[in-house]
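Here is the structure we will look at.
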Amino acid sequence: MMGRYVLGRLGQAVLVLWAAWTVSFVILYALPGDAVEVRLGAAASDITPEQIAALQADYGLDQPWFTQYLTQLGHALTGDLGRSFENGQSVTSLLLENLPATAALAGLALILAVVFGGGLAVLANGVRFRWLSRALLNLPALGVAVPGFWVGLMLLQLFSFRIELFPAIGNDGFSSLVLPAITLAIPTSAVIAQILAKSLHSSLGEPWSDTARAKGAGSVRVLFRHALRNAALPTLTITGLLVGQLLSGAVVAETVFSRTGLGRLTATSVSAQDTPVVQGLVLFGALVFVLTNLAVDLLYPLLDRRTLQRSTRRVARPAPVEVS
């Protein structure tokens with residue numbers, strides 16, 4: 001039963017990776033111009049059409065789109081993501097070079113988001129004053145609505161330029177990681193708080209909560225021992241989806257704080273139409289998304305065995321009736 005469950009999730013993961021690769025190829029192919037023209041820029045007027053055609057042939061851009069697609073997909077299946085049109089460096093080495101900075105940023109942002117969002121949801125459902133609970137429940141909507149770049153600029157203005165507590169730019173140690181991580185964590189924690197607060201409210205209204213209180217359990221025990229575990233499933237789902245949002249948000253955070261990482265690499269590669277790098281980044285982002293959600297799916301049966309039973313349930317067909 002568990003093996004069938006895992007195989008089904010792995011099949012979905014492979015399909016998502018293929019779809020992400022295909023969509024990125026189609027979008028990049030449909031863009032006007034190509035990497036050769038973008039790289040040459042103003043110097044393109046000084047080069048003959050024959051020379052441009054020779055460069056396009058070197059990059060394989062003179063082939064039909066379907067041939068380019070199959071060639072690049074075949075290389076990707078063997079682990080070869082190609083080389084950058086911009087500097088000739090291996091795409092894999094570029095990803096590995098920029099990964100640690102972005103992984104540290106996204107990891108710290110996720111931890112802060114879970115702490116802030118989970119704490120706010122628990123506090124909103126645990127306070128006795130209704131006005132305070134409503135005020136706390138309105139905060140996540142504000143966190144979602146505020147643009148990420150504006151949050152980053154305000155944090156820079158306050159904590160870097162006025163108080164001078166954290167550095168404004170760069171990748172210089174943990175202190176330079178705090179403000180970008182908070183910038184990423186605020187909208188993410190807002191979503192977590194919204195989902196968890198609503199789930200906790202529903203769980204606390206279930207009959208088993210009243211039964212637990214009738215047996216003498218206090219409000220804090222009911223909240224943490226019973227309601228929180230039941231409310232964790234939808235929150236765990238949305239947290240897995242938000243990992244992809246953290247990676248996309250790294251583009252803004254790393255740009256505002258002038259940090260090196262996958263976000264800055266994405267911005268520069270898209271502007272230069274560096275197709276191999278962009279496709280490698282898309283494939284890496286899809287891989288992170290798939291692995292995160294696969295881990296979430298595998299955690300589901302541990303929290304609720306009914307999830308495994310529902311995913312593997314099959315309707316039994318009645319045995320054929322022999323007609324004499």
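Following the order of the structure tokens, chains are lettered A, B, ..., residues in each are numbered from 1, and ligands are numbered from 1.
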When DSSP is applied to the backbone of this structure, which of range 5-224 of chain A are assigned helix (DSSP H, G or I)? Write them out as a short mmCIF file (atom, residue, chain, number, x, y, z; two decimals) with N, CA and C atoms, in the first residue's frame.
```cif
data_model
loop_
_atom_site.label_atom_id
_atom_site.label_comp_id
_atom_site.auth_asym_id
_atom_site.auth_seq_id
_atom_site.Cartn_x
_atom_site.Cartn_y
_atom_site.Cartn_z
N TYR A 5 1.61 4.14 -3.04
CA TYR A 5 1.45 5.57 -2.73
C TYR A 5 2.70 6.35 -3.17
N VAL A 6 3.89 5.83 -2.84
CA VAL A 6 5.15 6.50 -3.18
C VAL A 6 5.35 6.52 -4.69
N LEU A 7 5.07 5.42 -5.37
CA LEU A 7 5.24 5.37 -6.82
C LEU A 7 4.33 6.35 -7.53
N GLY A 8 3.12 6.50 -7.03
CA GLY A 8 2.20 7.47 -7.62
C GLY A 8 2.73 8.90 -7.48
N ARG A 9 3.28 9.22 -6.32
CA ARG A 9 3.83 10.57 -6.12
C ARG A 9 5.08 10.79 -6.97
N LEU A 10 5.91 9.75 -7.13
CA LEU A 10 7.10 9.88 -7.97
C LEU A 10 6.72 10.09 -9.43
N GLY A 11 5.68 9.41 -9.89
CA GLY A 11 5.21 9.61 -11.26
C GLY A 11 4.74 11.04 -11.48
N GLN A 12 4.02 11.59 -10.52
CA GLN A 12 3.58 12.98 -10.62
C GLN A 12 4.77 13.93 -10.64
N ALA A 13 5.80 13.61 -9.85
CA ALA A 13 6.99 14.47 -9.80
C ALA A 13 7.69 14.52 -11.15
N VAL A 14 7.84 13.38 -11.80
CA VAL A 14 8.49 13.34 -13.12
C VAL A 14 7.68 14.15 -14.13
N LEU A 15 6.36 14.04 -14.07
CA LEU A 15 5.50 14.78 -15.00
C LEU A 15 5.64 16.28 -14.79
N VAL A 16 5.73 16.73 -13.55
CA VAL A 16 5.89 18.16 -13.27
C VAL A 16 7.22 18.67 -13.80
N LEU A 17 8.29 17.90 -13.63
CA LEU A 17 9.61 18.33 -14.13
C LEU A 17 9.60 18.45 -15.65
N TRP A 18 9.01 17.47 -16.31
CA TRP A 18 8.93 17.54 -17.78
C TRP A 18 8.10 18.74 -18.23
N ALA A 19 6.97 18.99 -17.58
CA ALA A 19 6.12 20.12 -17.95
C ALA A 19 6.83 21.45 -17.73
N ALA A 20 7.57 21.58 -16.63
CA ALA A 20 8.29 22.82 -16.35
C ALA A 20 9.35 23.06 -17.42
N TRP A 21 10.08 22.03 -17.80
CA TRP A 21 11.10 22.16 -18.83
C TRP A 21 10.46 22.57 -20.16
N THR A 22 9.37 21.93 -20.52
CA THR A 22 8.72 22.20 -21.81
C THR A 22 8.17 23.62 -21.86
N VAL A 23 7.49 24.04 -20.82
CA VAL A 23 6.90 25.39 -20.80
C VAL A 23 8.00 26.45 -20.88
N SER A 24 9.09 26.26 -20.15
CA SER A 24 10.18 27.23 -20.19
C SER A 24 10.79 27.31 -21.58
N PHE A 25 10.94 26.17 -22.24
CA PHE A 25 11.50 26.17 -23.60
C PHE A 25 10.59 26.93 -24.55
N VAL A 26 9.29 26.68 -24.48
CA VAL A 26 8.34 27.33 -25.39
C VAL A 26 8.34 28.84 -25.18
N ILE A 27 8.34 29.28 -23.92
CA ILE A 27 8.32 30.73 -23.64
C ILE A 27 9.60 31.39 -24.13
N LEU A 28 10.74 30.79 -23.85
CA LEU A 28 12.00 31.38 -24.28
C LEU A 28 12.15 31.38 -25.79
N TYR A 29 11.66 30.32 -26.44
CA TYR A 29 11.74 30.26 -27.90
C TYR A 29 10.85 31.33 -28.54
N ALA A 30 9.72 31.66 -27.88
CA ALA A 30 8.78 32.62 -28.45
C ALA A 30 9.23 34.06 -28.27
N ALA A 35 19.71 34.78 -28.29
CA ALA A 35 20.83 35.09 -27.40
C ALA A 35 21.99 35.74 -28.13
N VAL A 36 22.21 35.39 -29.39
CA VAL A 36 23.30 35.98 -30.16
C VAL A 36 23.08 37.46 -30.36
N GLU A 37 21.88 37.85 -30.76
CA GLU A 37 21.57 39.26 -30.99
C GLU A 37 21.65 40.06 -29.69
N VAL A 38 21.14 39.47 -28.59
CA VAL A 38 21.19 40.16 -27.31
C VAL A 38 22.62 40.34 -26.84
N ARG A 39 23.44 39.32 -27.03
CA ARG A 39 24.82 39.40 -26.56
C ARG A 39 25.62 40.40 -27.38
N LEU A 40 25.40 40.45 -28.69
CA LEU A 40 26.13 41.38 -29.53
C LEU A 40 25.70 42.82 -29.29
N GLY A 41 24.40 43.03 -29.08
CA GLY A 41 23.90 44.36 -28.80
C GLY A 41 24.14 45.31 -29.96
N ALA A 42 24.71 46.48 -29.63
CA ALA A 42 24.97 47.49 -30.66
C ALA A 42 26.03 47.03 -31.65
N ALA A 43 26.88 46.09 -31.23
CA ALA A 43 27.94 45.62 -32.12
C ALA A 43 27.40 44.75 -33.25
N ALA A 44 26.12 44.37 -33.19
CA ALA A 44 25.54 43.51 -34.22
C ALA A 44 25.56 44.19 -35.58
N SER A 45 25.50 45.54 -35.62
CA SER A 45 25.50 46.26 -36.89
C SER A 45 26.85 46.19 -37.59
N ASP A 46 27.91 45.88 -36.85
CA ASP A 46 29.25 45.81 -37.43
C ASP A 46 29.62 44.40 -37.88
N PRO A 49 25.85 39.35 -41.74
CA PRO A 49 24.85 38.29 -41.51
C PRO A 49 25.44 36.89 -41.52
N GLU A 50 26.49 36.70 -42.32
CA GLU A 50 27.13 35.38 -42.35
C GLU A 50 27.78 35.05 -41.03
N GLN A 51 28.41 36.05 -40.40
CA GLN A 51 29.05 35.82 -39.11
C GLN A 51 28.01 35.54 -38.02
N ILE A 52 26.88 36.27 -38.07
CA ILE A 52 25.79 36.03 -37.11
C ILE A 52 25.23 34.62 -37.30
N ALA A 53 25.07 34.22 -38.56
CA ALA A 53 24.55 32.87 -38.83
C ALA A 53 25.52 31.81 -38.33
N ALA A 54 26.82 32.07 -38.43
CA ALA A 54 27.81 31.10 -37.94
C ALA A 54 27.74 30.98 -36.41
N LEU A 55 27.54 32.12 -35.72
CA LEU A 55 27.40 32.07 -34.26
C LEU A 55 26.12 31.32 -33.86
N GLN A 56 25.04 31.57 -34.57
CA GLN A 56 23.79 30.86 -34.28
C GLN A 56 23.95 29.36 -34.51
N ALA A 57 24.72 28.99 -35.52
CA ALA A 57 24.96 27.56 -35.77
C ALA A 57 25.78 26.95 -34.65
N ASP A 58 26.76 27.71 -34.12
CA ASP A 58 27.56 27.20 -33.00
C ASP A 58 26.71 26.92 -31.78
N TYR A 59 25.71 27.77 -31.55
CA TYR A 59 24.82 27.60 -30.40
C TYR A 59 23.66 26.64 -30.69
N TRP A 65 12.73 24.38 -34.19
CA TRP A 65 12.45 24.43 -32.76
C TRP A 65 12.30 23.04 -32.16
N PHE A 66 11.69 22.12 -32.91
CA PHE A 66 11.48 20.79 -32.35
C PHE A 66 12.80 20.05 -32.19
N THR A 67 13.73 20.27 -33.13
CA THR A 67 15.06 19.65 -33.01
C THR A 67 15.80 20.22 -31.80
N GLN A 68 15.71 21.54 -31.61
CA GLN A 68 16.34 22.16 -30.45
C GLN A 68 15.75 21.60 -29.16
N TYR A 69 14.44 21.44 -29.15
CA TYR A 69 13.77 20.93 -27.95
C TYR A 69 14.24 19.52 -27.61
N LEU A 70 14.23 18.63 -28.60
CA LEU A 70 14.63 17.25 -28.34
C LEU A 70 16.11 17.17 -27.95
N THR A 71 16.94 17.97 -28.60
CA THR A 71 18.38 17.93 -28.29
C THR A 71 18.63 18.38 -26.86
N GLN A 72 18.02 19.51 -26.48
CA GLN A 72 18.24 20.03 -25.13
C GLN A 72 17.63 19.11 -24.07
N LEU A 73 16.47 18.54 -24.38
CA LEU A 73 15.84 17.63 -23.43
C LEU A 73 16.68 16.36 -23.25
N GLY A 74 17.23 15.85 -24.36
CA GLY A 74 18.07 14.66 -24.26
C GLY A 74 19.32 14.92 -23.42
N HIS A 75 19.93 16.09 -23.60
CA HIS A 75 21.10 16.44 -22.79
C HIS A 75 20.72 16.58 -21.32
N ALA A 76 19.56 17.18 -21.05
CA ALA A 76 19.13 17.38 -19.66
C ALA A 76 18.90 16.04 -18.97
N LEU A 77 18.39 15.06 -19.71
CA LEU A 77 18.14 13.74 -19.12
C LEU A 77 19.44 13.05 -18.72
N VAL A 91 26.32 25.41 -16.89
CA VAL A 91 25.12 25.81 -16.16
C VAL A 91 25.09 25.15 -14.78
N THR A 92 25.50 23.89 -14.72
CA THR A 92 25.51 23.18 -13.44
C THR A 92 26.44 23.86 -12.45
N SER A 93 27.63 24.27 -12.92
CA SER A 93 28.56 24.95 -12.02
C SER A 93 28.03 26.31 -11.59
N LEU A 94 27.33 27.01 -12.47
CA LEU A 94 26.72 28.29 -12.10
C LEU A 94 25.67 28.10 -11.01
N LEU A 95 24.86 27.05 -11.15
CA LEU A 95 23.83 26.77 -10.14
C LEU A 95 24.47 26.43 -8.80
N LEU A 96 25.47 25.56 -8.83
CA LEU A 96 26.12 25.16 -7.58
C LEU A 96 26.87 26.32 -6.94
N GLU A 97 27.38 27.22 -7.75
CA GLU A 97 28.11 28.37 -7.23
C GLU A 97 27.20 29.35 -6.50
N ASN A 98 25.98 29.52 -7.01
CA ASN A 98 25.05 30.50 -6.44
C ASN A 98 24.05 29.89 -5.47
N LEU A 99 23.99 28.55 -5.42
CA LEU A 99 23.00 27.88 -4.58
C LEU A 99 23.17 28.14 -3.08
N PRO A 100 24.39 28.07 -2.51
CA PRO A 100 24.49 28.21 -1.05
C PRO A 100 23.91 29.52 -0.51
N ALA A 101 24.15 30.63 -1.20
CA ALA A 101 23.65 31.92 -0.72
C ALA A 101 22.13 31.95 -0.73
N THR A 102 21.52 31.46 -1.80
CA THR A 102 20.05 31.47 -1.88
C THR A 102 19.44 30.44 -0.94
N ALA A 103 20.09 29.28 -0.79
CA ALA A 103 19.57 28.27 0.13
C ALA A 103 19.57 28.78 1.57
N ALA A 104 20.63 29.48 1.96
CA ALA A 104 20.68 30.05 3.31
C ALA A 104 19.60 31.10 3.49
N LEU A 105 19.40 31.94 2.47
CA LEU A 105 18.36 32.98 2.54
C LEU A 105 16.97 32.37 2.63
N ALA A 106 16.66 31.42 1.74
CA ALA A 106 15.32 30.81 1.74
C ALA A 106 15.09 29.97 2.99
N GLY A 107 16.14 29.28 3.47
CA GLY A 107 15.99 28.46 4.68
C GLY A 107 15.68 29.31 5.90
N LEU A 108 16.43 30.39 6.09
CA LEU A 108 16.17 31.27 7.23
C LEU A 108 14.80 31.93 7.11
N ALA A 109 14.43 32.33 5.87
CA ALA A 109 13.12 32.95 5.67
C ALA A 109 11.99 31.98 6.00
N LEU A 110 12.15 30.70 5.64
CA LEU A 110 11.12 29.71 5.93
C LEU A 110 10.98 29.49 7.44
N ILE A 111 12.11 29.43 8.13
CA ILE A 111 12.07 29.26 9.59
C ILE A 111 11.36 30.44 10.24
N LEU A 112 11.72 31.66 9.83
CA LEU A 112 11.07 32.85 10.38
C LEU A 112 9.58 32.87 10.05
N ALA A 113 9.23 32.45 8.83
CA ALA A 113 7.83 32.47 8.42
C ALA A 113 7.00 31.50 9.25
N VAL A 114 7.54 30.30 9.49
CA VAL A 114 6.82 29.31 10.30
C VAL A 114 6.67 29.79 11.74
N VAL A 115 7.74 30.39 12.29
CA VAL A 115 7.68 30.88 13.67
C VAL A 115 6.70 32.04 13.79
N PHE A 116 6.83 33.04 12.89
CA PHE A 116 5.96 34.21 12.96
C PHE A 116 4.51 33.85 12.64
N GLY A 117 4.32 33.12 11.53
CA GLY A 117 2.96 32.77 11.12
C GLY A 117 2.28 31.83 12.09
N GLY A 118 3.01 30.79 12.54
CA GLY A 118 2.42 29.86 13.51
C GLY A 118 2.15 30.52 14.84
N GLY A 119 3.07 31.35 15.30
CA GLY A 119 2.86 32.06 16.57
C GLY A 119 1.67 32.99 16.53
N LEU A 120 1.51 33.70 15.41
CA LEU A 120 0.38 34.62 15.27
C LEU A 120 -0.94 33.87 15.25
N ALA A 121 -0.99 32.74 14.54
CA ALA A 121 -2.24 31.96 14.46
C ALA A 121 -2.62 31.39 15.82
N VAL A 122 -1.64 30.85 16.54
CA VAL A 122 -1.91 30.29 17.86
C VAL A 122 -2.34 31.38 18.83
N LEU A 123 -1.67 32.53 18.78
CA LEU A 123 -2.02 33.63 19.67
C LEU A 123 -3.41 34.16 19.38
N ALA A 124 -3.76 34.25 18.09
CA ALA A 124 -5.08 34.77 17.73
C ALA A 124 -6.20 33.85 18.21
N ASN A 125 -5.95 32.55 18.25
CA ASN A 125 -6.96 31.61 18.72
C ASN A 125 -6.88 31.34 20.22
N GLY A 126 -5.81 31.81 20.86
CA GLY A 126 -5.65 31.54 22.28
C GLY A 126 -6.04 32.69 23.19
N ARG A 130 -11.96 39.15 22.32
CA ARG A 130 -12.35 39.00 20.93
C ARG A 130 -11.79 40.11 20.06
N TRP A 131 -11.72 41.34 20.56
CA TRP A 131 -11.20 42.44 19.77
C TRP A 131 -9.73 42.24 19.43
N LEU A 132 -8.98 41.69 20.38
CA LEU A 132 -7.57 41.44 20.13
C LEU A 132 -7.39 40.30 19.13
N SER A 133 -8.23 39.29 19.24
CA SER A 133 -8.16 38.18 18.29
C SER A 133 -8.45 38.66 16.87
N ARG A 134 -9.46 39.52 16.72
CA ARG A 134 -9.78 40.04 15.39
C ARG A 134 -8.65 40.91 14.85
N ALA A 135 -8.05 41.71 15.72
CA ALA A 135 -6.94 42.55 15.29
C ALA A 135 -5.77 41.71 14.80
N LEU A 136 -5.47 40.62 15.53
CA LEU A 136 -4.38 39.74 15.12
C LEU A 136 -4.69 39.03 13.81
N LEU A 137 -5.95 38.65 13.62
CA LEU A 137 -6.33 37.94 12.40
C LEU A 137 -6.30 38.85 11.17
N ASN A 138 -6.33 40.17 11.37
CA ASN A 138 -6.26 41.11 10.25
C ASN A 138 -4.83 41.38 9.80
N LEU A 139 -3.86 41.04 10.62
CA LEU A 139 -2.47 41.30 10.26
C LEU A 139 -2.00 40.51 9.04
N PRO A 140 -2.36 39.21 8.89
CA PRO A 140 -1.90 38.48 7.70
C PRO A 140 -2.32 39.12 6.38
N ALA A 141 -3.53 39.67 6.32
CA ALA A 141 -3.96 40.32 5.08
C ALA A 141 -3.06 41.49 4.73
N LEU A 142 -2.61 42.21 5.73
CA LEU A 142 -1.69 43.32 5.49
C LEU A 142 -0.34 42.81 5.00
N GLY A 143 0.12 41.70 5.58
CA GLY A 143 1.41 41.15 5.16
C GLY A 143 1.40 40.65 3.73
N VAL A 144 0.26 40.13 3.28
CA VAL A 144 0.15 39.65 1.90
C VAL A 144 0.07 40.82 0.92
N ALA A 145 -0.61 41.89 1.33
CA ALA A 145 -0.86 43.01 0.42
C ALA A 145 0.37 43.89 0.20
N GLY A 148 6.84 43.15 -1.68
CA GLY A 148 8.07 42.71 -1.06
C GLY A 148 9.21 43.71 -1.21
N PHE A 149 9.31 44.37 -2.39
CA PHE A 149 10.41 45.32 -2.58
C PHE A 149 10.25 46.52 -1.66
N TRP A 150 8.99 46.93 -1.38
CA TRP A 150 8.76 48.06 -0.48
C TRP A 150 9.19 47.69 0.94
N VAL A 151 8.86 46.47 1.37
CA VAL A 151 9.28 46.01 2.69
C VAL A 151 10.80 46.03 2.80
N GLY A 152 11.48 45.54 1.75
CA GLY A 152 12.93 45.53 1.76
C GLY A 152 13.52 46.93 1.85
N LEU A 153 12.96 47.87 1.10
CA LEU A 153 13.46 49.24 1.14
C LEU A 153 13.23 49.89 2.50
N MET A 154 12.08 49.61 3.12
CA MET A 154 11.80 50.17 4.45
C MET A 154 12.75 49.59 5.50
N LEU A 155 13.03 48.30 5.40
CA LEU A 155 13.97 47.68 6.33
C LEU A 155 15.38 48.26 6.15
N LEU A 156 15.75 48.49 4.91
CA LEU A 156 17.04 49.12 4.65
C LEU A 156 17.11 50.51 5.27
N GLN A 157 16.07 51.29 5.05
CA GLN A 157 16.06 52.66 5.55
C GLN A 157 16.15 52.70 7.07
N LEU A 158 15.44 51.80 7.73
CA LEU A 158 15.37 51.83 9.19
C LEU A 158 16.58 51.19 9.85
N PHE A 159 16.89 49.96 9.44
CA PHE A 159 17.89 49.18 10.19
C PHE A 159 19.31 49.29 9.61
N SER A 160 19.44 49.81 8.39
CA SER A 160 20.78 49.94 7.81
C SER A 160 21.27 51.39 7.78
N PHE A 161 20.38 52.31 7.38
CA PHE A 161 20.81 53.69 7.22
C PHE A 161 20.62 54.53 8.48
N ARG A 162 19.55 54.26 9.24
CA ARG A 162 19.30 55.07 10.44
C ARG A 162 19.95 54.44 11.68
N SER A 175 24.82 38.52 9.51
CA SER A 175 24.17 39.82 9.69
C SER A 175 23.59 40.35 8.38
N SER A 176 24.26 40.07 7.26
CA SER A 176 23.75 40.53 5.97
C SER A 176 22.57 39.69 5.48
N LEU A 177 22.29 38.58 6.17
CA LEU A 177 21.22 37.68 5.78
C LEU A 177 19.89 38.02 6.47
N VAL A 178 19.95 38.77 7.56
CA VAL A 178 18.76 38.97 8.39
C VAL A 178 17.69 39.77 7.66
N LEU A 179 18.02 40.94 7.15
CA LEU A 179 17.01 41.79 6.51
C LEU A 179 16.42 41.16 5.25
N PRO A 180 17.22 40.57 4.35
CA PRO A 180 16.60 39.88 3.20
C PRO A 180 15.69 38.73 3.63
N ALA A 181 16.08 38.00 4.68
CA ALA A 181 15.24 36.88 5.14
C ALA A 181 13.92 37.39 5.70
N ILE A 182 13.94 38.49 6.45
CA ILE A 182 12.70 39.06 6.97
C ILE A 182 11.82 39.54 5.82
N THR A 183 12.44 40.14 4.80
CA THR A 183 11.69 40.60 3.63
C THR A 183 10.95 39.44 2.97
N LEU A 184 11.62 38.31 2.85
CA LEU A 184 10.97 37.13 2.27
C LEU A 184 9.96 36.50 3.21
N ALA A 185 10.23 36.55 4.50
CA ALA A 185 9.40 35.83 5.48
C ALA A 185 8.05 36.50 5.71
N ILE A 186 7.96 37.82 5.56
CA ILE A 186 6.72 38.52 5.92
C ILE A 186 5.53 38.04 5.08
N PRO A 187 5.57 38.06 3.74
CA PRO A 187 4.40 37.56 3.00
C PRO A 187 4.18 36.07 3.19
N THR A 188 5.24 35.31 3.35
CA THR A 188 5.09 33.86 3.56
C THR A 188 4.45 33.56 4.91
N SER A 189 4.89 34.26 5.96
CA SER A 189 4.30 34.04 7.28
C SER A 189 2.85 34.47 7.31
N ALA A 190 2.49 35.47 6.50
CA ALA A 190 1.10 35.92 6.46
C ALA A 190 0.18 34.83 5.92
N VAL A 191 0.64 34.14 4.88
CA VAL A 191 -0.17 33.05 4.31
C VAL A 191 -0.29 31.90 5.31
N ILE A 192 0.82 31.55 5.94
CA ILE A 192 0.79 30.47 6.94
C ILE A 192 -0.16 30.82 8.08
N ALA A 193 -0.10 32.07 8.54
CA ALA A 193 -0.96 32.50 9.64
C ALA A 193 -2.44 32.42 9.25
N GLN A 194 -2.77 32.82 8.02
CA GLN A 194 -4.16 32.77 7.57
C GLN A 194 -4.69 31.34 7.57
N ILE A 195 -3.93 30.43 6.97
CA ILE A 195 -4.38 29.04 6.85
C ILE A 195 -4.46 28.38 8.23
N LEU A 196 -3.42 28.54 9.03
CA LEU A 196 -3.38 27.87 10.33
C LEU A 196 -4.42 28.44 11.28
N ALA A 197 -4.63 29.75 11.26
CA ALA A 197 -5.64 30.35 12.14
C ALA A 197 -7.04 29.85 11.81
N LYS A 198 -7.34 29.75 10.52
CA LYS A 198 -8.65 29.26 10.12
C LYS A 198 -8.81 27.78 10.48
N SER A 199 -7.77 26.99 10.29
CA SER A 199 -7.84 25.57 10.62
C SER A 199 -7.97 25.36 12.12
N LEU A 200 -7.25 26.15 12.90
CA LEU A 200 -7.36 26.05 14.36
C LEU A 200 -8.75 26.43 14.83
N HIS A 201 -9.31 27.46 14.25
CA HIS A 201 -10.66 27.88 14.63
C HIS A 201 -11.68 26.78 14.35
N SER A 202 -11.52 26.13 13.19
CA SER A 202 -12.45 25.03 12.85
C SER A 202 -12.25 23.84 13.79
N SER A 203 -11.00 23.53 14.12
CA SER A 203 -10.72 22.38 14.99
C SER A 203 -11.25 22.62 16.40
N LEU A 204 -11.11 23.84 16.88
CA LEU A 204 -11.59 24.14 18.24
C LEU A 204 -13.11 24.11 18.33
N PRO A 207 -16.74 18.71 17.82
CA PRO A 207 -17.28 18.08 19.03
C PRO A 207 -16.21 17.47 19.93
N TRP A 208 -15.13 16.94 19.34
CA TRP A 208 -14.12 16.32 20.18
C TRP A 208 -13.40 17.34 21.06
N SER A 209 -13.38 18.62 20.63
CA SER A 209 -12.81 19.66 21.48
C SER A 209 -13.68 19.88 22.71
N ASP A 210 -15.00 19.89 22.50
CA ASP A 210 -15.92 20.02 23.63
C ASP A 210 -15.80 18.83 24.57
N THR A 211 -15.60 17.64 23.99
CA THR A 211 -15.45 16.45 24.81
C THR A 211 -14.19 16.54 25.67
N ALA A 212 -13.10 17.01 25.06
CA ALA A 212 -11.85 17.16 25.81
C ALA A 212 -12.00 18.17 26.95
N ARG A 213 -12.72 19.25 26.70
CA ARG A 213 -12.94 20.24 27.76
C ARG A 213 -13.82 19.66 28.86
N ALA A 214 -14.82 18.86 28.46
CA ALA A 214 -15.71 18.26 29.45
C ALA A 214 -14.97 17.28 30.35
N SER A 219 -7.89 25.02 28.21
CA SER A 219 -7.88 25.59 26.86
C SER A 219 -6.52 25.44 26.20
N VAL A 220 -5.46 25.63 26.97
CA VAL A 220 -4.12 25.51 26.40
C VAL A 220 -3.84 24.07 25.97
N ARG A 221 -4.26 23.10 26.78
CA ARG A 221 -4.04 21.68 26.43
C ARG A 221 -4.84 21.30 25.20
N VAL A 222 -6.08 21.76 25.10
CA VAL A 222 -6.90 21.45 23.94
C VAL A 222 -6.29 22.06 22.68
N LEU A 223 -5.78 23.29 22.83
CA LEU A 223 -5.22 23.98 21.67
C LEU A 223 -3.96 23.29 21.16
N PHE A 224 -3.03 22.99 22.06
CA PHE A 224 -1.73 22.47 21.63
C PHE A 224 -1.74 20.95 21.46
#
```
Close residues, range 237-253 of chain A itself excluded, 6 Å, only C-alpha atoms, min 3 positions apart in chain, as a PDB file with N, CA and C atoms, in the first residue's frame:
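Written output follows (around.pdb):
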```
ATOM      1  N   ALA A 106      16.656  31.422   1.743  1.00  0.00           N
ATOM      2  CA  ALA A 106      15.321  30.805   1.737  1.00  0.00           C
ATOM      3  C   ALA A 106      15.095  29.970   2.993  1.00  0.00           C
ATOM      4  N   PRO A 180      17.219  40.566   4.348  1.00  0.00           N
ATOM      5  CA  PRO A 180      16.601  39.883   3.201  1.00  0.00           C
ATOM      6  C   PRO A 180      15.692  38.732   3.629  1.00  0.00           C
ATOM      7  N   PRO A 234      -3.504  21.029   6.566  1.00  0.00           N
ATOM      8  CA  PRO A 234      -3.580  22.057   5.518  1.00  0.00           C
ATOM      9  C   PRO A 234      -2.428  23.044   5.580  1.00  0.00           C
ATOM     10  N   VAL A 256      17.250  43.885  -4.265  1.00  0.00           N
ATOM     11  CA  VAL A 256      17.166  45.038  -3.359  1.00  0.00           C
ATOM     12  C   VAL A 256      18.400  45.132  -2.480  1.00  0.00           C
ATOM     13  N   GLY A 263      18.650  34.173  -7.375  1.00  0.00           N
ATOM     14  CA  GLY A 263      17.720  35.231  -7.765  1.00  0.00           C
ATOM     15  C   GLY A 263      18.351  36.224  -8.712  1.00  0.00           C
ATOM     16  N   ARG A 264      19.532  36.713  -8.352  1.00  0.00           N
ATOM     17  CA  ARG A 264      20.248  37.651  -9.233  1.00  0.00           C
ATOM     18  C   ARG A 264      20.634  36.967 -10.542  1.00  0.00           C
ATOM     19  N   PHE A 289      10.629  22.295  -5.821  1.00  0.00           N
ATOM     20  CA  PHE A 289       9.186  22.252  -5.570  1.00  0.00           C
ATOM     21  C   PHE A 289       8.692  20.814  -5.470  1.00  0.00           C
ATOM     22  N   THR A 292      10.066  19.036  -2.270  1.00  0.00           N
ATOM     23  CA  THR A 292       9.401  19.545  -1.065  1.00  0.00           C
ATOM     24  C   THR A 292       8.003  18.973  -0.925  1.00  0.00           C
ATOM     25  N   ASN A 293       7.251  18.998  -2.006  1.00  0.00           N
ATOM     26  CA  ASN A 293       5.889  18.484  -1.940  1.00  0.00           C
ATOM     27  C   ASN A 293       5.857  16.968  -1.827  1.00  0.00           C
TER      28      ASN A 293
END
```
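Minimum atom-to-atom distances from A:Gln273, A:Leu61, A:Leu31, A:Leu262 to Gly285 in chain A were compared using only C-alpha atoms, and the lowest value belongs to A:Leu262.
Interatomic distance, CA of Ser258 in chain A to CA of Gly173 in chain A: 13.9 Å.
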